[in-house]
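Asks: Please find input.tsv (TSV, C-alpha atoms) on the next line:
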```tsv
chain	number	residue	atom	x	y	z
A	224	MET	CA	0.00	0.00	0.00
A	225	GLN	CA	1.35	3.41	-1.01
A	226	PRO	CA	1.84	5.89	1.89
A	227	ASP	CA	-0.42	8.96	1.99
A	228	ALA	CA	0.73	12.58	1.69
A	229	LEU	CA	0.93	13.20	5.46
A	230	THR	CA	3.01	10.05	5.97
A	231	ILE	CA	5.46	11.14	3.25
A	232	ILE	CA	5.81	14.66	4.69
A	233	THR	CA	6.33	13.20	8.16
A	234	ALA	CA	9.04	10.86	6.86
A	235	ILE	CA	10.80	13.74	5.04
A	236	ALA	CA	10.73	15.90	8.17
A	237	VAL	CA	12.05	13.09	10.38
A	238	LEU	CA	14.83	12.13	7.96
A	239	LEU	CA	15.95	15.75	7.50
A	240	PHE	CA	15.95	16.28	11.26
A	241	VAL	CA	17.97	13.12	11.84
A	242	GLY	CA	20.32	14.16	9.03
A	243	LEU	CA	20.81	17.60	10.56
A	244	VAL	CA	21.62	16.03	13.93
A	245	CYS	CA	24.05	13.60	12.25
A	246	SER	CA	25.82	16.47	10.46
A	247	TRP	CA	26.09	18.46	13.70
A	248	LEU	CA	27.32	15.41	15.62
A	249	ALA	CA	29.89	14.65	12.90
A	250	THR	CA	31.24	18.20	13.18
A	251	LYS	CA	31.62	17.81	16.94
A	252	LEU	CA	33.31	14.41	16.58
A	253	LYS	CA	35.40	15.67	13.63
A	254	ILE	CA	34.36	12.85	11.35
A	255	PRO	CA	32.75	13.04	7.88
A	256	ASP	CA	28.99	13.59	8.15
A	257	VAL	CA	28.53	11.35	5.09
A	258	LEU	CA	29.43	8.32	7.16
A	259	LEU	CA	26.79	9.01	9.83
A	260	LEU	CA	24.16	9.92	7.22
A	261	ILE	CA	24.54	6.63	5.35
A	262	LEU	CA	24.57	4.61	8.59
A	263	ALA	CA	21.42	6.44	9.75
A	264	GLY	CA	19.76	5.62	6.42
A	265	MET	CA	20.75	1.97	6.74
A	266	ALA	CA	19.26	1.89	10.26
A	267	PHE	CA	15.96	3.29	8.94
A	268	GLY	CA	16.07	0.83	6.05
A	269	HIS	CA	16.18	-2.17	8.38
A	270	ALA	CA	13.60	-0.78	10.83
A	271	THR	CA	10.03	-2.13	10.62
A	272	PHE	CA	6.74	-1.43	12.36
A	273	ARG	CA	4.13	-4.20	12.54
A	274	GLY	CA	5.88	-6.05	9.75
A	275	GLN	CA	5.98	-3.01	7.43
A	276	PRO	CA	8.98	-0.77	6.60
A	277	LEU	CA	9.16	2.15	9.02
A	278	VAL	CA	9.95	4.62	6.20
A	279	GLU	CA	8.73	4.11	2.63
A	280	PHE	CA	8.43	6.45	-0.36
A	281	PRO	CA	6.59	6.05	-3.69
A	282	GLU	CA	8.82	5.44	-6.71
A	283	ILE	CA	7.57	8.61	-8.44
A	284	PHE	CA	8.73	10.68	-5.44
A	285	LEU	CA	12.15	9.03	-5.45
A	286	THR	CA	12.49	9.66	-9.18
A	287	GLY	CA	11.68	13.34	-8.70
A	288	MET	CA	14.17	13.67	-5.83
A	289	ALA	CA	16.87	11.94	-7.88
A	290	ILE	CA	16.37	14.36	-10.80
A	291	LEU	CA	16.34	17.38	-8.47
A	292	ALA	CA	19.49	16.24	-6.68
A	293	LEU	CA	21.33	15.48	-9.92
A	294	ALA	CA	20.42	18.82	-11.48
A	295	MET	CA	21.49	20.88	-8.45
A	296	ILE	CA	24.67	18.91	-7.77
A	297	VAL	CA	25.88	19.06	-11.38
A	298	PHE	CA	25.14	22.78	-11.58
A	299	ASP	CA	26.82	23.49	-8.23
A	300	SER	CA	30.02	21.69	-9.26
A	301	THR	CA	30.32	23.05	-12.80
A	302	ALA	CA	29.34	26.65	-11.97
A	303	ARG	CA	32.43	26.91	-9.76
A	304	LEU	CA	34.80	25.78	-12.50
A	305	ARG	CA	36.56	28.91	-13.83
A	306	LEU	CA	38.23	28.23	-17.17
A	307	ARG	CA	40.11	31.54	-17.11
A	308	GLU	CA	41.77	30.63	-13.81
A	309	PHE	CA	43.53	27.59	-15.22
A	310	ASP	CA	47.23	27.69	-14.32
A	311	VAL	CA	50.11	25.23	-14.26
A	312	PHE	CA	48.83	23.62	-11.06
A	313	SER	CA	45.37	23.20	-12.59
A	314	ILE	CA	46.93	21.44	-15.57
A	315	LYS	CA	48.66	19.04	-13.17
A	316	ALA	CA	45.33	18.29	-11.50
A	317	LEU	CA	43.69	17.83	-14.89
A	318	LYS	CA	46.45	15.40	-15.87
A	319	LEU	CA	45.85	13.41	-12.68
A	320	THR	CA	42.11	13.40	-13.40
A	321	VAL	CA	42.48	12.16	-16.97
A	322	THR	CA	45.02	9.48	-16.01
A	323	SER	CA	43.00	8.24	-13.04
A	324	VAL	CA	39.72	8.12	-14.99
A	325	PHE	CA	41.38	6.34	-17.92
A	326	PHE	CA	43.02	3.72	-15.70
A	327	THR	CA	39.77	3.20	-13.80
A	328	LEU	CA	37.73	2.75	-16.97
A	329	VAL	CA	40.23	0.31	-18.51
A	330	LEU	CA	42.02	-1.61	-15.75
A	331	PHE	CA	39.31	-1.52	-13.11
A	332	THR	CA	36.70	-2.58	-15.66
A	333	LEU	CA	38.81	-5.65	-16.43
A	334	ALA	CA	39.26	-6.37	-12.72
A	335	ILE	CA	35.50	-6.21	-12.15
A	336	HIS	CA	34.77	-8.34	-15.20
A	337	TYR	CA	37.15	-11.15	-14.24
A	338	LEU	CA	36.77	-11.06	-10.44
A	339	LEU	CA	32.96	-10.85	-10.36
A	340	LYS	CA	32.20	-12.46	-13.75
A	341	LEU	CA	29.92	-9.54	-14.60
A	342	PRO	CA	28.98	-8.58	-18.18
A	343	ILE	CA	31.37	-6.04	-19.67
A	344	TRP	CA	28.74	-3.26	-19.83
A	345	LEU	CA	27.91	-3.59	-16.13
A	346	SER	CA	31.64	-3.66	-15.35
A	347	ILE	CA	32.14	-0.41	-17.27
A	348	LEU	CA	29.13	1.11	-15.50
A	349	PHE	CA	30.58	0.32	-12.08
A	350	ALA	CA	33.98	1.67	-13.15
A	351	THR	CA	32.41	4.99	-14.21
A	352	LEU	CA	30.79	5.30	-10.79
A	353	MET	CA	34.21	4.91	-9.17
A	354	SER	CA	35.91	7.51	-11.37
A	355	GLY	CA	35.02	10.45	-9.12
A	356	THR	CA	36.45	11.70	-5.82
A	357	SER	CA	35.17	14.17	-3.24
A	358	PRO	CA	37.72	15.35	-0.64
A	359	ASP	CA	35.20	17.93	0.61
A	360	VAL	CA	33.49	15.18	2.64
A	361	LEU	CA	36.56	15.33	4.92
A	362	LEU	CA	36.09	19.03	5.76
A	363	PRO	CA	35.17	18.33	9.41
A	364	LEU	CA	38.68	16.92	9.91
A	365	ARG	CA	40.31	20.30	9.16
A	366	ILE	CA	43.31	18.92	7.34
A	367	ALA	CA	46.34	21.21	7.19
A	368	LYS	CA	46.81	22.87	3.82
A	369	SER	CA	49.38	21.39	1.45
A	370	ARG	CA	50.00	21.14	-2.27
A	371	VAL	CA	48.81	17.53	-2.49
A	372	ILE	CA	45.50	18.39	-0.78
A	373	SER	CA	45.04	21.32	-3.17
A	374	LEU	CA	45.78	18.93	-6.03
A	375	LEU	CA	43.11	16.49	-4.81
A	376	LYS	CA	40.52	19.26	-4.42
A	377	LEU	CA	41.13	20.45	-7.98
A	378	GLU	CA	40.95	16.87	-9.21
A	379	SER	CA	37.52	16.46	-7.61
A	380	ILE	CA	36.28	19.63	-9.36
A	381	PHE	CA	37.35	18.19	-12.71
A	382	ASN	CA	36.08	14.64	-12.22
A	383	THR	CA	32.71	15.40	-10.59
A	384	PRO	CA	30.96	16.21	-13.91
A	385	LEU	CA	32.48	13.03	-15.40
A	386	THR	CA	31.16	10.98	-12.48
A	387	VAL	CA	27.65	12.15	-13.29
A	388	ILE	CA	27.82	12.11	-17.10
A	389	LEU	CA	29.70	8.87	-17.84
A	390	PRO	CA	27.27	6.38	-16.18
A	391	PHE	CA	24.34	7.71	-18.21
A	392	ILE	CA	26.38	7.57	-21.41
A	393	VAL	CA	27.12	3.91	-20.64
A	394	ILE	CA	23.41	3.24	-19.98
A	395	ASP	CA	22.49	4.88	-23.30
A	396	LEU	CA	24.99	2.61	-25.04
A	397	MET	CA	23.72	-0.45	-23.16
A	398	GLN	CA	20.15	0.25	-24.21
A	399	GLY	CA	20.96	1.47	-27.73
A	400	VAL	CA	23.50	-1.04	-29.02
A	401	LYS	CA	21.63	-4.34	-29.06
A	402	THR	CA	24.06	-6.29	-31.22
A	403	GLU	CA	27.68	-6.19	-32.21
A	404	LEU	CA	26.93	-5.62	-35.88
A	405	VAL	CA	28.65	-2.56	-37.32
A	406	SER	CA	25.47	-1.47	-39.11
A	407	GLU	CA	23.51	-1.55	-35.86
A	408	ILE	CA	26.17	0.50	-34.07
A	409	VAL	CA	26.24	3.09	-36.85
A	410	GLU	CA	22.44	3.26	-36.78
A	411	GLN	CA	22.48	4.00	-33.06
A	412	LEU	CA	25.32	6.53	-33.38
A	413	VAL	CA	23.17	9.36	-34.78
A	414	PRO	CA	20.62	9.48	-31.91
A	415	PHE	CA	23.49	9.06	-29.44
A	416	VAL	CA	25.32	12.10	-30.86
A	417	MET	CA	22.05	14.04	-30.96
A	418	LYS	CA	21.66	13.55	-27.22
A	419	PHE	CA	24.95	15.43	-26.81
A	420	ILE	CA	24.06	18.19	-29.25
A	421	VAL	CA	20.53	18.75	-27.92
A	422	GLY	CA	21.71	18.55	-24.30
A	423	ILE	CA	24.50	21.09	-24.70
A	424	GLY	CA	22.30	23.35	-26.86
A	425	ALA	CA	19.48	23.36	-24.30
A	426	GLY	CA	21.92	24.18	-21.49
A	427	VAL	CA	23.46	27.11	-23.37
A	428	PHE	CA	19.99	28.37	-24.39
A	429	VAL	CA	18.76	28.41	-20.77
A	430	GLY	CA	22.10	29.90	-19.70
A	431	ILE	CA	21.74	32.86	-22.07
A	432	ILE	CA	18.22	33.58	-20.79
A	433	LEU	CA	19.39	33.29	-17.16
A	434	PHE	CA	22.36	35.60	-17.88
A	435	LYS	CA	20.09	38.26	-19.41
A	436	LEU	CA	17.64	38.07	-16.50
A	437	VAL	CA	20.11	38.36	-13.63
A	438	GLN	CA	22.17	41.02	-15.41
A	439	LYS	CA	19.27	43.36	-16.06
A	440	VAL	CA	17.02	42.65	-13.08
A	441	TYR	CA	18.72	41.57	-9.86
A	442	THR	CA	16.76	41.05	-6.63
A	443	GLU	CA	17.89	39.33	-3.45
A	444	VAL	CA	14.99	36.87	-3.52
A	445	TYR	CA	14.02	36.23	-7.12
A	446	SER	CA	17.46	36.10	-8.76
A	447	PRO	CA	18.73	33.16	-6.65
A	448	LEU	CA	15.38	31.46	-7.24
A	449	ALA	CA	15.85	31.98	-11.00
A	450	VAL	CA	19.20	30.15	-10.80
A	451	ILE	CA	17.59	27.11	-9.14
A	452	ILE	CA	14.71	27.09	-11.62
A	453	ALA	CA	17.13	27.45	-14.56
A	454	ALA	CA	19.03	24.31	-13.50
A	455	LEU	CA	15.79	22.31	-13.37
A	456	LEU	CA	14.51	23.79	-16.64
A	457	ALA	CA	17.76	22.94	-18.43
A	458	PHE	CA	17.43	19.32	-17.32
A	459	VAL	CA	13.76	18.83	-18.24
A	460	LEU	CA	14.03	20.81	-21.50
A	461	ALA	CA	16.86	18.61	-22.78
A	462	GLU	CA	15.13	15.38	-21.68
A	463	ASN	CA	11.85	16.37	-23.35
A	464	LEU	CA	13.69	17.20	-26.57
A	465	GLY	CA	15.47	13.84	-26.56
A	466	GLY	CA	18.79	15.16	-25.27
A	467	SER	CA	20.85	14.53	-22.15
A	468	GLY	CA	19.60	16.42	-19.10
A	469	VAL	CA	22.90	15.93	-17.27
A	470	LEU	CA	24.88	17.39	-20.17
A	471	SER	CA	22.42	20.27	-20.38
A	472	VAL	CA	22.94	21.22	-16.73
A	473	THR	CA	26.70	20.79	-17.19
A	474	ALA	CA	26.66	23.22	-20.11
A	475	LEU	CA	24.51	25.65	-18.12
A	476	GLY	CA	26.87	25.50	-15.13
A	477	LEU	CA	29.99	26.03	-17.25
A	478	PHE	CA	28.35	28.91	-19.12
A	479	PHE	CA	27.04	30.62	-15.97
A	480	GLY	CA	30.29	30.10	-14.09
A	481	ASN	CA	32.43	31.67	-16.80
A	482	VAL	CA	30.46	34.83	-17.67
A	483	TYR	CA	30.41	38.00	-15.63
A	484	VAL	CA	27.26	38.17	-13.52
A	485	LYS	CA	26.49	40.75	-10.85
A	486	GLU	CA	26.32	39.33	-7.32
A	487	LYS	CA	27.33	35.86	-8.54
A	488	PRO	CA	28.74	34.74	-5.15
A	489	ALA	CA	25.40	35.57	-3.49
A	490	LEU	CA	23.50	33.70	-6.20
A	491	LEU	CA	25.60	30.57	-5.77
A	492	THR	CA	25.48	30.79	-1.95
A	493	ILE	CA	21.68	30.59	-1.90
A	494	GLU	CA	21.78	27.69	-4.38
A	495	SER	CA	24.34	25.89	-2.18
A	496	VAL	CA	21.91	25.93	0.78
A	497	LEU	CA	19.42	23.87	-1.24
A	498	THR	CA	22.25	21.62	-2.41
A	499	LYS	CA	23.25	20.99	1.23
A	500	ALA	CA	19.68	20.02	2.12
A	501	LEU	CA	19.64	17.62	-0.83
A	502	PHE	CA	23.08	16.38	0.27
A	503	ILE	CA	21.70	15.32	3.65
A	504	PHE	CA	18.48	13.84	2.25
A	505	VAL	CA	20.10	11.90	-0.61
A	506	PHE	CA	22.74	10.24	1.58
A	507	ILE	CA	20.11	9.09	4.07
A	508	LEU	CA	17.86	7.84	1.25
A	509	ALA	CA	20.80	5.96	-0.31
A	510	GLY	CA	21.36	4.07	2.93
A	511	LEU	CA	17.61	3.56	3.24
A	512	ILE	CA	16.96	2.19	-0.26
A	513	ILE	CA	20.16	0.24	-1.00
A	514	LYS	CA	20.48	-2.62	1.47
A	515	ILE	CA	24.02	-4.01	1.51
A	516	PRO	CA	24.12	-7.80	2.08
A	517	LEU	CA	25.59	-8.21	5.57
A	518	THR	CA	27.37	-11.43	4.66
A	519	LYS	CA	30.97	-12.54	4.97
A	520	GLU	CA	31.14	-13.41	1.26
A	521	PHE	CA	29.99	-9.94	0.18
A	522	PHE	CA	32.50	-8.13	2.37
A	523	LEU	CA	35.35	-10.40	1.21
A	524	THR	CA	34.46	-9.87	-2.45
A	525	SER	CA	33.94	-6.12	-2.15
A	526	GLY	CA	37.08	-5.78	-0.02
A	527	LEU	CA	39.18	-7.61	-2.61
A	528	LEU	CA	37.75	-5.45	-5.38
A	529	PHE	CA	38.41	-2.29	-3.38
A	530	GLY	CA	42.02	-3.41	-2.92
A	531	ALA	CA	42.33	-3.77	-6.71
A	532	TYR	CA	40.86	-0.28	-7.10
A	533	ILE	CA	43.45	1.20	-4.70
A	534	LEU	CA	46.31	-0.50	-6.57
A	535	ILE	CA	45.05	0.92	-9.89
A	536	ARG	CA	44.69	4.35	-8.30
A	537	PHE	CA	48.28	4.16	-7.01
A	538	LEU	CA	49.50	3.30	-10.50
A	539	ALA	CA	47.59	6.29	-11.93
A	540	VAL	CA	49.07	8.62	-9.29
A	541	LEU	CA	52.61	7.37	-9.93
A	542	ILE	CA	52.34	7.90	-13.68
A	543	SER	CA	50.54	11.27	-13.60
A	544	ILE	CA	52.93	13.00	-11.16
A	545	ARG	CA	56.09	11.05	-11.87
A	546	ARG	CA	57.91	14.21	-13.04
A	547	GLU	CA	56.79	16.27	-10.05
A	548	ASN	CA	58.68	16.59	-6.80
A	549	TYR	CA	56.21	14.69	-4.65
A	550	SER	CA	57.40	12.46	-1.82
A	551	LEU	CA	56.35	8.83	-1.51
A	552	GLY	CA	54.19	9.78	1.48
A	553	GLU	CA	52.32	12.37	-0.60
A	554	LYS	CA	51.77	9.80	-3.33
A	555	PHE	CA	50.34	7.35	-0.81
A	556	PHE	CA	48.13	10.12	0.56
A	557	ALA	CA	46.81	10.94	-2.92
A	558	THR	CA	46.18	7.24	-3.51
A	559	LEU	CA	44.26	6.52	-0.33
A	560	ASN	CA	42.39	9.82	-0.09
A	561	VAL	CA	39.68	9.07	-2.65
A	562	PRO	CA	36.36	9.42	-0.78
A	563	LYS	CA	33.20	9.10	-2.84
A	564	GLY	CA	30.79	11.98	-2.37
A	565	ILE	CA	27.40	13.35	-3.23
A	566	ALA	CA	27.83	13.05	-7.01
A	567	THR	CA	28.43	9.29	-6.80
A	568	VAL	CA	25.57	8.73	-4.37
A	569	ALA	CA	23.14	10.88	-6.39
A	570	VAL	CA	23.88	8.86	-9.52
A	571	VAL	CA	23.48	5.59	-7.59
A	572	PHE	CA	20.21	6.89	-6.22
A	573	MET	CA	19.06	7.55	-9.79
A	574	LEU	CA	20.30	4.17	-11.08
A	575	ALA	CA	18.34	2.40	-8.34
A	576	LEU	CA	15.20	3.36	-10.27
A	577	TYR	CA	16.40	1.76	-13.55
A	578	ASN	CA	15.19	-1.72	-14.46
A	579	ILE	CA	18.56	-3.15	-15.54
A	580	GLU	CA	19.47	-6.79	-15.01
A	581	GLY	CA	22.28	-7.11	-12.49
A	582	ILE	CA	22.07	-3.47	-11.33
A	583	ALA	CA	21.34	-4.48	-7.71
A	584	LEU	CA	24.86	-5.88	-7.23
A	585	ILE	CA	26.39	-2.72	-8.75
A	586	LEU	CA	24.41	-0.55	-6.32
A	587	ASP	CA	25.41	-2.70	-3.33
A	588	LEU	CA	29.07	-2.59	-4.30
A	589	THR	CA	28.97	1.16	-4.92
A	590	LEU	CA	27.52	1.91	-1.49
A	591	ALA	CA	30.09	-0.42	0.07
A	592	PHE	CA	32.87	1.42	-1.80
A	593	VAL	CA	31.48	4.74	-0.55
A	594	LEU	CA	31.75	3.48	3.03
A	595	TYR	CA	35.20	1.92	2.53
A	596	SER	CA	36.62	5.00	0.83
A	597	ILE	CA	35.30	7.40	3.46
A	598	ILE	CA	36.57	5.29	6.37
A	599	ILE	CA	40.04	4.85	4.87
A	600	SER	CA	40.26	8.51	3.78
A	601	SER	CA	39.21	9.64	7.25
A	602	ILE	CA	41.92	7.53	8.89
A	603	VAL	CA	44.57	8.76	6.45
A	604	ALA	CA	43.44	12.38	6.80
A	605	SER	CA	43.53	12.21	10.59
A	606	VAL	CA	47.25	11.35	10.40
A	607	SER	CA	47.92	13.52	7.36
A	608	ARG	CA	51.05	15.06	8.93
A	609	VAL	CA	52.74	11.67	8.53
A	610	PHE	CA	52.17	11.73	4.76
A	611	VAL	CA	52.21	15.36	3.65
A	612	LYS	CA	54.12	18.57	4.18
A	613	ARG	CA	52.45	21.93	4.69
```
Please rewrite the model in this file as structure tokens.
Replies:
Amino acid sequence: MQPDALTIITAIAVLLFVGLVCSWLATKLKIPDVLLLILAGMAFGHATFRGQPLVEFPEIFLTGMAILALAMIVFDSTARLRLREFDVFSIKALKLTVTSVFFTLVLFTLAIHYLLKLPIWLSILFATLMSGTSPDVLLPLRIAKSRVISLLKLESIFNTPLTVILPFIVIDLMQGVKTELVSEIVEQLVPFVMKFIVGIGAGVFVGIILFKLVQKVYTEVYSPLAVIIAALLAFVLAENLGGSGVLSVTALGLFFGNVYVKEKPALLTIESVLTKALFIFVFILAGLIIKIPLTKEFFLTSGLLFGAYILIRFLAVLISIRRENYSLGEKFFATLNVPKGIATVAVVFMLALYNIEGIALILDLTLAFVLYSIIISSIVASVSRVFVKR
């Protein structure tokens, strides 16, 4: 039986309150709030009342929340990417991003395919989910500033859009390419390319309208609201026209972030408040919806796979900064400090609503990797002085 409106509102209020308490408690304990949010979601997911789940949401509501979270998170990350501020250090971070993503998509895909015996498309899908990093989840730890930490923060800015875009590109390919015949692939290539063109075009179109509005008429209330609405409009416009909503919001964010707009910091600050609320809600929902198998076999398999991921990451770090004067400790720090953040969880939350054979295992493994990466990164960050120099 589907819950009524009052039950849904009550559940939202309770989860947000619990999430707020978890975030506050994490700040006091100086641990990542992501960890407590997921664990709180998992606790709600296993709780029942008279044989029924304690918290339950309709699928249409979850779909709407997933789209809202994706749109705001992609816009928030891309709008802060300033192309004109690229310098030598940014190029180094971009090199690390490209190398790490490439190695993850190639070597980690093979590791998944042979260790888990998964189909190649599902292996690639899981690899794309692991391509992103999010050092900002470690902010409560107050790590001392250093060049390697700055490098990791820049890397996360570059790879966050990829983390969101690549899984949906893989899904489009999975659903579009039915056979291995060249003719079939060519036939599917045109609509696939059109998704890119329409998506980017819709994002730029909405971006131009938003730019004109906030430049000519700025108000403290309506201008920030226009930014939020523009991100949602870019997503739905592209999807309704047959394009990629994620690419549309990416194009909007890049456009808006790289043009001169009056009071831009204030506009993005208001938008970030909504993003933080979604941050809390999405992490709790991820723990609530995705139920990791609490079995010895699952933890052994996922642990072995995570070890392979760390080895591949170390190889990518060694190759990308081999000509830089980084110590071995800094290289180990860059290898182990790869926490998965809101972008990864938002995409997983969205994928949970897809009817794809074998997707359940991918979702379980992804949430397990989120937990593993945050725990290990937190431990490494807490003793960062051993690895890095100020």
Asks: Choose the residue, out of A:Trp344, A:Phe434, A:Ser323, A:Gly530, that has the smallest atom-to-atom separation from Val450 (chain A); count only C-alpha atoms.
Replies: A:Phe434
Asks: Give the answer as one residue: which of A:Asn463, A:Gly430, A:Val244, A:Leu456 has the shortest atom-to-atom distance to Phe478 (chain A), using all atoms listed in the file?
Replies: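 Nearest candidate to Phe478 (chain A) out of A:Asn463, A:Gly430, A:Val244, A:Leu456: A:Gly430.
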Asks: Rank A:Ala575, A:Ala457, A:Ala425, A:Ala569 by their smallest atom-to-atom distance to Ile388 (chain A), using all atoms listed in the file, and report the top residue only.
Replies: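 The answer is A:Ala569, which sits nearest to Ile388 (chain A).
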Asks: Using all atoms listed in the file, find the one residue out of A:Thr322, A:Thr327, A:Thr473, A:Asn578 that sits nearest to Ala302 (chain A).
Replies: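 Selected residue with least distance to Ala302 (chain A): A:Thr473.
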Asks: Which of these residues is nearest to Ile347 (chain A), using all atoms listed in the file: A:Val561, A:Ile314, A:Val393, A:Val472?
Replies: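 Of the candidates, the smallest distance to Ile347 (chain A) is held by A:Val393.
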Asks: Go through A:Ala557, A:Val440, A:Ile235, A:Ala509 one by one, measure the shortest atom-to-atom distance of each to Leu586 (chain A) using all atoms listed in the file, and give the residue with the smallest value.
Replies: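 Nearest to Leu586 (chain A): A:Ala509.
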